[in-house]
>>> print(open('entry22.txt').read())   # compact mmCIF, C-alpha atoms
# COMPACT_ATOMS: atom_id res chain seq x y z
CA MET A 70 0.00 0.00 0.00
CA ASN A 71 1.21 3.52 -0.68
CA ASN A 72 2.35 5.52 2.30
CA HIS A 73 0.50 8.85 2.40
CA ARG A 74 2.28 10.31 5.42
CA ALA A 75 1.31 13.88 4.61
CA ALA A 76 -2.36 13.15 5.20
CA ASP A 77 -1.90 11.50 8.64
CA VAL A 78 -4.33 12.73 11.28
CA SER A 79 -2.85 10.86 14.24
CA SER A 80 -0.92 13.66 16.00
CA PRO A 81 -2.50 15.68 18.86
CA ASN A 82 -2.03 18.95 16.93
CA ARG A 83 -3.59 17.61 13.74
CA THR A 84 -6.53 16.12 15.72
CA LYS A 85 -7.16 19.45 17.50
CA GLU A 86 -6.86 21.30 14.18
CA ILE A 87 -9.52 19.07 12.54
CA ILE A 88 -11.85 19.38 15.56
CA ARG A 89 -11.45 23.19 15.44
CA LYS A 90 -11.82 23.45 11.67
CA HIS A 91 -15.12 21.52 11.69
CA GLY A 92 -16.42 23.08 14.93
CA LEU A 93 -16.78 19.60 16.37
CA THR A 94 -17.86 19.07 19.97
CA LEU A 95 -17.03 15.54 21.09
CA LYS A 96 -19.98 13.62 22.47
CA LYS A 97 -19.43 11.77 25.72
CA SER A 98 -22.65 9.85 25.01
CA LEU A 99 -20.94 8.29 21.95
CA GLY A 100 -17.72 7.54 23.83
CA GLN A 101 -15.70 9.81 21.55
CA ASN A 102 -12.05 9.74 22.64
CA PHE A 103 -9.71 10.16 19.69
CA LEU A 104 -6.37 8.33 19.81
CA THR A 105 -3.43 10.56 18.92
CA ASP A 106 -0.39 8.29 19.16
CA ALA A 107 0.91 7.01 15.80
CA ASN A 108 2.95 4.18 17.39
CA ILE A 109 -0.08 2.76 19.19
CA LEU A 110 -2.18 3.07 16.03
CA ARG A 111 0.51 1.16 14.11
CA ASN A 112 0.61 -1.52 16.84
CA ILE A 113 -3.17 -1.97 16.68
CA ALA A 114 -3.10 -2.32 12.88
CA GLY A 115 -0.01 -4.57 13.08
CA ALA A 116 -1.67 -6.99 15.52
CA ALA A 117 -4.27 -7.80 12.85
CA GLU A 118 -1.56 -9.11 10.47
CA LEU A 119 -3.16 -7.43 7.46
CA ASP A 120 -1.95 -7.50 3.87
CA ALA A 121 -3.25 -6.46 0.45
CA SER A 122 -5.34 -9.65 0.13
CA LYS A 123 -7.18 -9.06 3.44
CA GLY A 124 -9.99 -6.82 4.61
CA ALA A 125 -10.44 -4.76 7.78
CA LEU A 126 -13.72 -3.68 9.35
CA GLU A 127 -13.46 -0.72 11.71
CA ILE A 128 -16.19 0.32 14.14
CA GLY A 129 -16.26 3.97 15.24
CA PRO A 130 -13.47 5.47 13.08
CA GLY A 131 -13.80 8.96 14.58
CA ILE A 132 -11.76 11.27 12.32
CA GLY A 133 -9.96 8.38 10.63
CA ALA A 134 -6.59 8.07 12.42
CA LEU A 135 -6.74 4.27 12.72
CA THR A 136 -8.59 3.99 9.40
CA GLN A 137 -5.58 5.52 7.65
CA GLN A 138 -3.22 2.99 9.26
CA LEU A 139 -5.49 0.13 8.20
CA ALA A 140 -5.71 1.50 4.65
CA LYS A 141 -1.91 1.42 4.39
CA GLU A 142 -1.94 -2.33 5.06
CA ALA A 143 -5.27 -3.89 3.99
CA GLY A 144 -6.72 -4.33 0.52
CA VAL A 145 -10.23 -3.28 1.61
CA VAL A 146 -11.20 -1.14 4.61
CA VAL A 147 -14.79 -0.51 5.68
CA ALA A 148 -15.49 1.80 8.63
CA ILE A 149 -18.89 1.98 10.36
CA GLU A 150 -19.63 5.39 11.87
CA ILE A 151 -22.80 6.25 13.80
CA ASP A 152 -22.17 10.03 14.06
CA GLN A 153 -23.28 11.82 10.92
CA ARG A 154 -21.17 14.89 11.81
CA LEU A 155 -17.99 12.89 11.23
CA LEU A 156 -18.85 11.79 7.66
CA PRO A 157 -17.51 14.91 5.88
CA ILE A 158 -14.32 14.75 8.00
CA LEU A 159 -13.79 11.08 7.09
CA GLU A 160 -14.38 11.87 3.44
CA GLU A 161 -11.51 14.35 3.69
CA THR A 162 -9.06 12.25 5.75
CA LEU A 163 -9.66 9.09 3.69
CA GLU A 164 -9.50 10.85 0.33
CA PRO A 165 -6.01 9.41 -0.47
CA TYR A 166 -7.34 5.86 0.10
CA PRO A 167 -9.93 4.87 -2.54
CA HIS A 168 -10.10 1.32 -1.11
CA ALA A 169 -11.38 2.67 2.25
CA SER A 170 -15.12 3.41 2.54
CA VAL A 171 -17.45 4.55 5.31
CA VAL A 172 -20.88 3.13 6.18
CA HIS A 173 -23.12 5.45 8.19
CA GLY A 174 -25.02 3.38 10.75
CA ASP A 175 -25.18 1.67 14.12
CA VAL A 176 -23.14 -1.54 14.08
CA LEU A 177 -25.61 -3.14 16.53
CA LYS A 178 -28.44 -2.70 14.00
CA LEU A 179 -26.61 -3.42 10.74
CA ASP A 180 -26.83 -6.72 8.88
CA LEU A 181 -23.14 -7.63 9.02
CA HIS A 182 -23.50 -10.79 6.91
CA ALA A 183 -24.89 -8.66 4.08
CA LEU A 184 -22.08 -6.14 4.57
CA TRP A 185 -19.57 -9.00 4.29
CA GLN A 186 -20.97 -10.20 0.97
CA GLU A 187 -21.21 -6.66 -0.36
CA ARG A 188 -17.79 -5.32 0.66
CA PHE A 189 -15.44 -8.19 1.52
CA SER A 190 -16.29 -10.90 -1.02
CA GLY A 191 -12.88 -10.61 -2.72
CA CYS A 192 -10.83 -10.76 0.51
CA SER A 193 -8.91 -13.86 1.64
CA LYS A 194 -9.57 -13.00 5.33
CA VAL A 195 -11.21 -10.21 7.29
CA SER A 196 -10.49 -8.83 10.77
CA VAL A 197 -12.31 -6.32 12.92
CA VAL A 198 -9.88 -3.63 14.08
CA ALA A 199 -11.22 -0.77 16.19
CA ASN A 200 -10.89 1.67 19.04
CA LEU A 201 -14.32 0.79 20.45
CA PRO A 202 -16.58 3.22 22.32
CA TYR A 203 -16.36 1.94 25.91
CA TYR A 204 -20.07 2.15 26.68
CA VAL A 205 -20.98 -0.45 24.03
CA THR A 206 -17.87 -2.66 24.00
CA THR A 207 -19.54 -5.83 25.26
CA PRO A 208 -22.67 -5.72 23.04
CA ILE A 209 -20.49 -5.09 19.96
CA ILE A 210 -18.06 -7.93 20.74
CA MET A 211 -20.93 -10.31 21.53
CA LYS A 212 -22.69 -9.45 18.26
CA LEU A 213 -19.49 -10.13 16.29
CA LEU A 214 -19.03 -13.50 18.05
CA GLU A 215 -22.64 -14.71 18.18
CA GLU A 216 -23.29 -13.94 14.51
CA LYS A 217 -20.35 -16.24 13.70
CA LEU A 218 -18.90 -13.90 11.11
CA PRO A 219 -15.94 -15.35 9.18
CA LEU A 220 -13.34 -13.38 11.13
CA GLU A 221 -9.62 -13.97 11.47
CA TYR A 222 -9.01 -11.57 14.38
CA ILE A 223 -10.83 -9.02 16.47
CA VAL A 224 -8.22 -6.45 17.54
CA VAL A 225 -9.77 -3.79 19.74
CA MET A 226 -8.80 -1.04 22.09
CA ILE A 227 -11.17 -1.19 25.05
CA GLN A 228 -11.25 -0.33 28.73
CA ARG A 229 -8.39 -2.16 30.46
CA GLU A 230 -10.68 -3.69 33.08
CA VAL A 231 -12.93 -5.19 30.38
CA ALA A 232 -9.92 -6.56 28.47
CA GLU A 233 -8.68 -8.22 31.69
CA ARG A 234 -12.09 -9.81 32.19
CA MET A 235 -12.07 -11.16 28.62
CA ALA A 236 -8.64 -12.76 29.11
CA ALA A 237 -9.17 -13.95 32.73
CA LYS A 238 -8.60 -17.54 33.81
CA PRO A 239 -10.90 -19.46 36.21
CA GLY A 240 -10.56 -18.71 39.90
CA GLY A 241 -10.00 -14.95 39.91
CA LYS A 242 -12.45 -12.11 40.49
CA GLU A 243 -12.08 -10.92 36.86
CA TYR A 244 -13.30 -14.29 35.52
CA GLY A 245 -17.00 -14.26 34.70
CA SER A 246 -19.59 -14.91 32.02
CA LEU A 247 -17.83 -12.45 29.65
CA SER A 248 -14.54 -14.39 29.99
CA ILE A 249 -16.34 -17.62 29.14
CA ALA A 250 -18.28 -16.16 26.19
CA VAL A 251 -15.15 -14.63 24.64
CA GLN A 252 -12.95 -17.68 25.28
CA TYR A 253 -15.61 -20.08 23.96
CA TYR A 254 -15.29 -18.42 20.54
CA CYS A 255 -11.74 -17.01 20.62
CA GLU A 256 -8.24 -17.18 22.06
CA PRO A 257 -7.59 -13.82 23.77
CA GLU A 258 -4.19 -12.17 23.97
CA MET A 259 -3.35 -8.82 25.58
CA VAL A 260 -1.33 -6.69 23.14
CA ALA A 261 -0.71 -3.44 25.06
CA ILE A 262 -1.82 -1.28 27.98
CA VAL A 263 -2.56 2.28 26.88
CA PRO A 264 -2.54 5.32 29.23
CA PRO A 265 -5.28 8.01 29.10
CA THR A 266 -2.73 10.66 28.04
CA VAL A 267 -2.74 9.60 24.35
CA PHE A 268 -6.42 10.46 23.82
CA ILE A 269 -8.33 13.67 23.13
CA PRO A 270 -10.23 14.12 25.41
CA GLN A 271 -8.52 11.93 28.02
CA PRO A 272 -10.69 9.12 29.44
CA ASN A 273 -10.43 8.60 33.20
CA VAL A 274 -9.38 4.93 32.90
CA ASP A 275 -6.52 2.97 31.37
CA SER A 276 -7.21 1.27 28.07
CA ALA A 277 -5.88 -1.95 26.60
CA VAL A 278 -5.48 -3.46 23.17
CA ILE A 279 -6.66 -7.07 23.08
CA ARG A 280 -6.46 -9.49 20.17
CA LEU A 281 -9.08 -12.22 19.89
CA LYS A 282 -8.18 -15.01 17.48
CA ARG A 283 -11.27 -16.78 16.22
CA ARG A 284 -11.23 -20.50 17.11
CA GLU A 285 -11.92 -23.11 14.44
CA GLU A 286 -13.79 -25.14 17.06
CA PRO A 287 -14.94 -24.28 20.62
CA PRO A 288 -12.55 -25.56 23.34
CA ALA A 289 -15.20 -28.03 24.56
CA HIS A 290 -18.09 -29.83 22.89
CA VAL A 291 -21.43 -28.18 23.70
CA GLU A 292 -24.66 -29.75 22.41
CA ASP A 293 -26.90 -26.73 22.99
CA GLU A 294 -25.13 -23.35 23.05
CA THR A 295 -28.20 -21.44 24.26
CA LEU A 296 -28.52 -23.71 27.31
CA PHE A 297 -24.75 -23.59 27.90
CA PHE A 298 -24.79 -19.78 28.13
CA GLU A 299 -28.01 -19.82 30.22
CA ILE A 300 -26.24 -22.03 32.76
CA VAL A 301 -23.11 -19.85 32.73
CA HIS A 302 -25.19 -16.70 33.38
CA ALA A 303 -27.16 -18.43 36.13
CA CYS A 304 -23.97 -19.56 37.88
CA PHE A 305 -22.66 -15.97 37.95
CA ALA A 306 -26.00 -14.36 38.87
CA GLN A 307 -24.96 -14.11 42.54
CA ARG A 308 -21.18 -14.43 42.62
CA ARG A 309 -21.03 -15.09 46.37
CA LYS A 310 -23.54 -17.95 46.22
CA THR A 311 -22.61 -21.57 45.66
CA LEU A 312 -23.15 -23.31 42.37
CA SER A 313 -26.10 -25.31 43.73
CA ASN A 314 -27.87 -22.16 45.05
CA ASN A 315 -27.44 -20.32 41.75
CA LEU A 316 -28.58 -23.34 39.72
CA LEU A 317 -31.68 -23.72 41.93
CA ALA A 318 -32.48 -20.04 41.47
CA GLY A 319 -32.02 -19.99 37.70
CA ILE A 320 -32.06 -23.44 36.08
CA PHE A 321 -33.76 -26.05 38.28
CA ALA A 322 -37.05 -25.94 40.16
CA LYS A 323 -36.78 -26.48 43.94
CA ALA A 324 -38.36 -29.94 43.55
CA GLU A 325 -35.54 -30.88 41.18
CA LYS A 326 -32.83 -30.48 43.82
CA PRO A 327 -32.10 -34.25 44.06
CA ALA A 328 -31.82 -34.49 40.26
CA MET A 329 -29.48 -31.47 40.20
CA GLU A 330 -27.28 -33.02 42.91
CA THR A 331 -27.10 -36.26 40.90
CA ILE A 332 -26.13 -34.34 37.73
CA LEU A 333 -23.37 -32.42 39.54
CA ALA A 334 -22.05 -35.64 41.08
CA GLU A 335 -22.02 -37.36 37.67
CA CYS A 336 -20.09 -34.38 36.25
CA GLY A 337 -17.59 -34.57 39.12
CA ILE A 338 -18.48 -31.01 40.24
CA ASP A 339 -18.76 -30.15 43.94
CA PRO A 340 -22.08 -28.27 44.50
CA THR A 341 -20.43 -25.98 47.08
CA ARG A 342 -18.05 -24.51 44.48
CA ARG A 343 -18.65 -21.04 43.08
CA GLY A 344 -19.28 -20.21 39.43
CA GLU A 345 -15.91 -18.50 38.96
CA THR A 346 -13.98 -21.70 39.70
CA LEU A 347 -15.41 -23.72 36.79
CA SER A 348 -13.57 -24.06 33.49
CA ILE A 349 -15.31 -23.93 30.11
CA ALA A 350 -14.92 -27.73 29.88
CA GLU A 351 -16.76 -28.15 33.22
CA TYR A 352 -19.57 -25.81 32.14
CA ALA A 353 -19.85 -27.76 28.87
CA ARG A 354 -20.07 -31.05 30.77
CA LEU A 355 -22.74 -29.60 33.05
CA ALA A 356 -24.79 -28.14 30.18
CA ASN A 357 -24.70 -31.41 28.23
CA ALA A 358 -25.80 -33.33 31.33
CA VAL A 359 -28.69 -30.90 31.98
CA LEU A 360 -29.76 -31.26 28.35
CA SER A 361 -29.72 -35.05 28.63
CA TYR A 362 -31.79 -34.86 31.87
CA ARG A 363 -34.37 -32.56 30.20
CA ARG A 364 -34.66 -34.89 27.21
CA GLN A 365 -35.31 -37.83 29.53
CA LEU A 366 -38.08 -35.84 31.27
CA GLU A 367 -39.67 -35.02 27.91
CA GLN A 368 -39.51 -38.65 26.91
CA GLN A 369 -41.12 -39.76 30.17
CA SER A 370 -43.94 -37.21 29.87
CA GLY A 371 -44.51 -38.29 26.27
CA ASP A 372 -44.74 -41.99 27.15
>>> encode(input="entry22.txt", output="structure tokens")
Amino acid sequence: MNNHRAADVSSPNRTKEIIRKHGLTLKKSLGQNFLTDANILRNIAGAAELDASKGALEIGPGIGALTQQLAKEAGVVVAIEIDQRLLPILEETLEPYPHASVVHGDVLKLDLHALWQERFSGCSKVSVVANLPYYVTTPIIMKLLEEKLPLEYIVVMIQREVAERMAAKPGGKEYGSLSIAVQYYCEPEMVAIVPPTVFIPQPNVDSAVIRLKRREEPPAHVEDETLFFEIVHACFAQRRKTLSNNLLAGIFAKAEKPAMETILAECGIDPTRRGETLSIAEYARLANAVLSYRRQLEQQSGD
């Protein structure tokens, strides 16, 4: 890709200049914090291992600082921007990159499969690369994972605390239903911790770049994914409660307590454990056993 250094918008001065020129007031409600460090932008783009045969989807491009870095490396770049006020700015900053385009819309409402067919059909692989608005990080990541888009990587800058939860191992206080959801679909890897000082305006928390590599297969066999995630959420509903108390509150009726105890014993899981101590494999075993128990009940009521 050609290197259009003259057009770079990643420095603090250039960012301020663009904001001033367009009379832009940054909206806290949209989580607008513009990254102004070229090295970090290069690291984010680099973590996605892009090349001219690959595509990059960006969510929330702002004034296009990361978009420009992606356009230097990827064959196709599509950026989704919700804020109409930024469209003329992006048109200007992306002018040197004809292979980069902007879609005006809310990523949570867009049909991403249709977008894929429309924009990325000629790409060998596609990654999502973005500095995500912190207030919608989890819904965006979950949409990307649950819709099972053909992604190579998701490389995102998010709140450090959320990144740590995504990468957490069983047993710690960071480990929860988000850790399990992300790790069921992906292998997470922390790329960098980013201080507030490299943003305009500065957020009041540290950020982190995390890379999620899409798994070919989940780490454990799950027969019913909906039930699996229902059980995971139930087991974390009250973190201080034991597994058996949470399961009785969310999955089993009180009268089913003996059946639940039998299922846990068959899975080799102590009912006094807490949700945060179970691995994905243990949750998978539990969900498959609950499914088998429910099928038996259905069979019996049908006989």
>>> atom_distance(input="entry22.txt", atom1="CA of Asp77 in chain A", atom2="CA of Gly131 in chain A")
13.5 Å
>>> atom_distance(input="entry22.txt", atom1="CA of Ile338 in chain A", atom2="CA of Leu366 in chain A")
22.1 Å
>>> residues_around(input="entry22.txt", residues="range 195-203 of chain A", least_positions_apart="4", cutoff="8 Å", atoms="all atoms listed in the file", output="list in words")
Leu99, Gly100, Gln101, Asn102, Ile113, Ala114, Ala117, Lys123, Gly124, Ala125, Leu126, Glu127, Ile128, Gly129, Pro130, Leu135, Phe189, Pro219, Leu220, Glu221, Tyr222, Ile223, Val224, Val225, Met226, Ile227 and Gln228 of chain A
>>> closest_atom_pairs(input="entry22.txt", of="range 114-212 of chain A", to="range 251-256 of chain A", cutoff="10 Å", atoms="all atoms listed in the file", output="tab-separated table")
residue	atom	partner	partner_atom	distance
A:Thr207	CA	A:Val251	CA	9.9
A:Ile210	CA	A:Val251	CA	8.3
A:Met211	CA	A:Val251	CA	7.9
>>> closest_residue(input="entry22.txt", among="A:Lys326, A:Glu335, A:Glu243, A:Tyr362", to="Phe305 in chain A", atoms="all atoms listed in the file")
A:Glu243
>>> atom_distance(input="entry22.txt", atom1="CA of Ala289 in chain A", atom2="CA of Ser348 in chain A")
9.9 Å
>>> residues_around(input="entry22.txt", residues="Ala143 in chain A", least_positions_apart="4", cutoff="9 Å", atoms="all atoms listed in the file", output="number ranges by chain")
A: 70, 119-125, 138-139, 168
>>> residues_near_point(input="entry22.txt", point="(-29.2, -30.7, 40.6)", cutoff="12 Å", atoms="only C-alpha atoms", output="ChimeraX atom specification")
/A:312-336,338-341,355-356,358-359,362-363
